Amino acid sequence: MRNLIIIGASDFALEVWSWLKQAKGYGVEFVFKGFLDDNPNALLKCAYYNSELLGNVSDYVIQSNDVFVCAIGSPLIKEKLTKSISEKGGEFINLIHENVIMLNHVKLGVGIIITPNCIVSNDCVIGNHVAINFNCTLGHNVSIGNYCQISSHCDLTGYVSLGDRVFLGSGVSIIPKVKITNNVVLGAGCVVFTRIAKEGTYIGNPAKRIDF
């Protein structure tokens, strides 16, 4: 039996913890051990949820039966922390809720989180350390790069392609065959009709890049 550690103890991580016992493999392949978080205030949230904060990411000494997932919303922070754990020899597993519908020939990386009520259609490819929040749909032949964060109620239609470190706010809709480059943020409710080839933040319907 492996011991699962969730990196991060903020709100998204606590959501994941709340449905963890309904994840595929829980109690058979792994059980929950605790959280790692560099924010000292995380101790208060863990106590509120009657769970354990094991310490911070940089100081934690990995044990032989430890496995990890990273439940942090920021793609950049997620990349930094997962690389830190990997460099120390940590192993990442996938955490997928038992009611996720996953069709044929889906290719999964490692460290993936897929929450309740999501649908992953045929021939999708999901990279490493991707998190897909509640009620999302991935159409056939969707490709998602590493470290992406997909918020709730997003709809990625057939042949959509996301680069690395893409963040989708709630309710984003992307029409078929649209490609989105690395390091893009799509604000809540965006509708994307054309290719996004430039990094940055986009909002609206149709989605347009904004400058801060």
# chains A, B, ... in the order shown; residues from 1 in each chain; ligands from 1
$ residues_around --residues "region 11-18 of chain A" --least-positions-apart "4" --cutoff "12 Å" --atoms "only C-alpha atoms" --output "PyMOL selection string"
chain A and resi 4-7+22-23+26+31-37+42+45-53+69-74+95-97+112-116+131-134+149-152
$ residues_around --residues "Ile203 (chain A)" --least-positions-apart "3" --cutoff "8 Å" --atoms "only C-alpha atoms" --output "list in words"
Leu186, Gly187, Ala188, Gly189, Cys190, Pro206, Ala207, Lys208, Arg209 and Ile210 of chain A
$ residues_around --residues "Gly158 (chain A)" --least-positions-apart "2" --cutoff "9 Å" --atoms "only C-alpha atoms" --output "ChimeraX atom specification"
/A:121,138-142,156,160,175-178
$ write_last_selection --atoms "C-alpha atoms" --output "PDB file, in the first residue's frame"
ATOM      1  CA  SER A 121     -13.494  11.188 -24.997  1.00  0.00           C
ATOM      2  CA  LEU A 138     -12.806  16.854 -23.352  1.00  0.00           C
ATOM      3  CA  GLY A 139     -13.937  15.985 -26.868  1.00  0.00           C
ATOM      4  CA  HIS A 140     -12.231  13.419 -29.064  1.00  0.00           C
ATOM      5  CA  ASN A 141      -8.561  13.931 -29.946  1.00  0.00           C
ATOM      6  CA  VAL A 142      -7.993  16.731 -27.441  1.00  0.00           C
ATOM      7  CA  LEU A 156     -12.765  21.513 -25.014  1.00  0.00           C
ATOM      8  CA  VAL A 160      -8.390  21.236 -29.381  1.00  0.00           C
ATOM      9  CA  ILE A 175     -14.322  25.342 -30.622  1.00  0.00           C
ATOM     10  CA  PRO A 176     -12.907  22.395 -32.603  1.00  0.00           C
ATOM     11  CA  LYS A 177      -9.305  22.284 -33.843  1.00  0.00           C
ATOM     12  CA  VAL A 178      -8.177  25.464 -32.051  1.00  0.00           C
TER      13      VAL A 178
END
$ residues_around --residues "Lys80 (chain A)" --least-positions-apart "2" --cutoff "12 Å" --atoms "only C-alpha atoms" --output "PyMOL selection string"
chain A and resi 7+57-58+70+72+74-78+82-87+129+147+165
$ write_last_selection --atoms "N, CA and C atoms" --output "compact mmCIF listing (two decimals), in the first residue's frame"
# COMPACT_ATOMS: atom_id res chain seq x y z
N ILE A 7 0.54 17.74 -2.53
CA ILE A 7 1.34 18.97 -2.47
C ILE A 7 0.37 20.14 -2.61
N VAL A 57 7.53 21.67 1.34
CA VAL A 57 7.99 20.83 0.23
C VAL A 57 9.50 20.67 0.25
N SER A 58 10.22 21.76 0.47
CA SER A 58 11.68 21.71 0.35
C SER A 58 12.33 20.86 1.44
N CYS A 70 0.05 16.94 -7.08
CA CYS A 70 0.16 18.36 -6.77
C CYS A 70 -1.18 19.03 -7.07
N ILE A 72 -2.18 22.33 -6.80
CA ILE A 72 -1.95 23.78 -6.76
C ILE A 72 -2.40 24.36 -8.10
N SER A 74 -1.83 27.31 -9.70
CA SER A 74 -0.91 28.06 -10.55
C SER A 74 -0.01 27.11 -11.33
N PRO A 75 -0.05 27.11 -12.67
CA PRO A 75 0.82 26.22 -13.43
C PRO A 75 2.31 26.43 -13.15
N LEU A 76 2.75 27.66 -12.96
CA LEU A 76 4.17 27.93 -12.73
C LEU A 76 4.62 27.37 -11.39
N ILE A 77 3.82 27.58 -10.35
CA ILE A 77 4.18 27.04 -9.04
C ILE A 77 4.12 25.52 -9.05
N LYS A 78 3.11 24.99 -9.72
CA LYS A 78 2.98 23.53 -9.83
C LYS A 78 4.21 22.93 -10.51
N THR A 82 6.63 20.31 -8.41
CA THR A 82 6.70 18.92 -8.87
C THR A 82 8.12 18.56 -9.33
N LYS A 83 8.81 19.51 -9.94
CA LYS A 83 10.20 19.25 -10.31
C LYS A 83 11.07 19.07 -9.08
N SER A 84 10.80 19.85 -8.03
CA SER A 84 11.56 19.73 -6.79
C SER A 84 11.40 18.34 -6.19
N ILE A 85 10.16 17.84 -6.15
CA ILE A 85 9.92 16.51 -5.60
C ILE A 85 10.52 15.43 -6.49
N SER A 86 10.38 15.58 -7.81
CA SER A 86 10.94 14.59 -8.74
C SER A 86 12.45 14.50 -8.62
N GLU A 87 13.10 15.64 -8.46
CA GLU A 87 14.56 15.65 -8.32
C GLU A 87 15.04 14.95 -7.06
N HIS A 129 0.99 16.32 -14.77
CA HIS A 129 0.60 17.30 -13.75
C HIS A 129 -0.51 18.25 -14.24
N TYR A 147 1.37 20.62 -16.99
CA TYR A 147 1.13 21.63 -15.95
C TYR A 147 -0.11 22.49 -16.20
N ARG A 165 1.45 24.75 -19.42
CA ARG A 165 1.19 25.83 -18.45
C ARG A 165 0.04 26.73 -18.89
$ atom_distance --atom1 "CA of Ile180 (chain A)" --atom2 "CA of Phe68 (chain A)"
28.2 Å
$ closest_residue --among "A:Val106, A:Val120, A:Met1, A:Val100" --to "Ser64 (chain A)" --atoms "only C-alpha atoms"
A:Met1
$ closest_residue --among "A:Ser173, A:Asn39, A:Gln63, A:Ser161" --to "Phe193 (chain A)" --atoms "only C-alpha atoms"
A:Ser173
$ select_by_dssp --residues "region 59-154 of chain A" --states "strand (DSSP E or B)" --output "JSON, numbers by chain"
{"A": [66, 67, 68, 69, 70, 92, 95, 96, 97, 101, 102, 107, 108, 113, 114, 119, 120, 125, 126, 131, 132, 137, 138, 143, 144, 149, 150]}
$ closest_residue --among "A:Ile101, A:Cys154, A:Ile144, A:Val61" --to "Val166 (chain A)" --atoms "only C-alpha atoms"
A:Ile144
$ closest_residue --among "A:Ile93, A:Val67, A:Leu44, A:Ile174" --to "Ala9 (chain A)" --atoms "only C-alpha atoms"
A:Leu44
$ select_by_dssp --residues "region 75-188 of chain A" --states "helix (DSSP H, G or I)" --output "ChimeraX atom specification"
/A:75-87
$ atom_distance --atom1 "CA of Lys198 (chain A)" --atom2 "CA of Val125 (chain A)"
22.4 Å
$ closest_residue --among "A:Gly25, A:Gly109, A:Gly8, A:Gly169" --to "Thr201 (chain A)" --atoms "only C-alpha atoms"
A:Gly169
$ residues_around --residues "His105 (chain A)" --least-positions-apart "3" --cutoff "8 Å" --atoms "only C-alpha atoms" --output "NGL selection string"
:A and (122-124)
$ write_last_selection --atoms "N, CA and C atoms" --output "mmCIF file, in the first residue's frame"
data_model
loop_
_atom_site.group_PDB
_atom_site.id
_atom_site.type_symbol
_atom_site.label_atom_id
_atom_site.label_comp_id
_atom_site.auth_asym_id
_atom_site.auth_seq_id
_atom_site.Cartn_x
_atom_site.Cartn_y
_atom_site.Cartn_z
ATOM 1 N N ASN A 122 -12.597 9.812 -26.767
ATOM 2 C CA ASN A 122 -11.608 8.973 -27.454
ATOM 3 C C ASN A 122 -10.355 9.733 -27.850
ATOM 4 N N ASP A 123 -9.209 9.037 -27.737
ATOM 5 C CA ASP A 123 -7.943 9.473 -28.330
ATOM 6 C C ASP A 123 -7.424 10.792 -27.769
ATOM 7 N N CYS A 124 -7.793 11.103 -26.547
ATOM 8 C CA CYS A 124 -7.233 12.296 -25.896
ATOM 9 C C CYS A 124 -5.840 11.996 -25.361
#
$ residues_around --residues "Asn182 (chain A)" --least-positions-apart "2" --cutoff "6 Å" --atoms "only C-alpha atoms" --output "list in words"
Gly163, Asp164, Arg165 and Val184 of chain A
$ write_last_selection --atoms "N, CA and C atoms" --output "PDB file, in the first residue's frame"
ATOM      1  N   GLY A 163      -1.069  24.062 -25.126  1.00  0.00           N
ATOM      2  CA  GLY A 163       0.351  23.946 -24.834  1.00  0.00           C
ATOM      3  C   GLY A 163       0.592  23.712 -23.354  1.00  0.00           C
ATOM      4  N   ASP A 164       1.822  23.920 -22.913  1.00  0.00           N
ATOM      5  CA  ASP A 164       2.175  23.758 -21.507  1.00  0.00           C
ATOM      6  C   ASP A 164       1.767  24.998 -20.704  1.00  0.00           C
ATOM      7  N   ARG A 165       1.450  24.750 -19.417  1.00  0.00           N
ATOM      8  CA  ARG A 165       1.185  25.831 -18.455  1.00  0.00           C
ATOM      9  C   ARG A 165       0.037  26.734 -18.888  1.00  0.00           C
ATOM     10  N   VAL A 184      -0.638  30.549 -21.517  1.00  0.00           N
ATOM     11  CA  VAL A 184      -1.827  31.365 -21.793  1.00  0.00           C
ATOM     12  C   VAL A 184      -2.806  31.223 -20.633  1.00  0.00           C
TER      13      VAL A 184
END
$ atom_distance --atom1 "CA of Val130 (chain A)" --atom2 "CA of Leu108 (chain A)"
9.6 Å
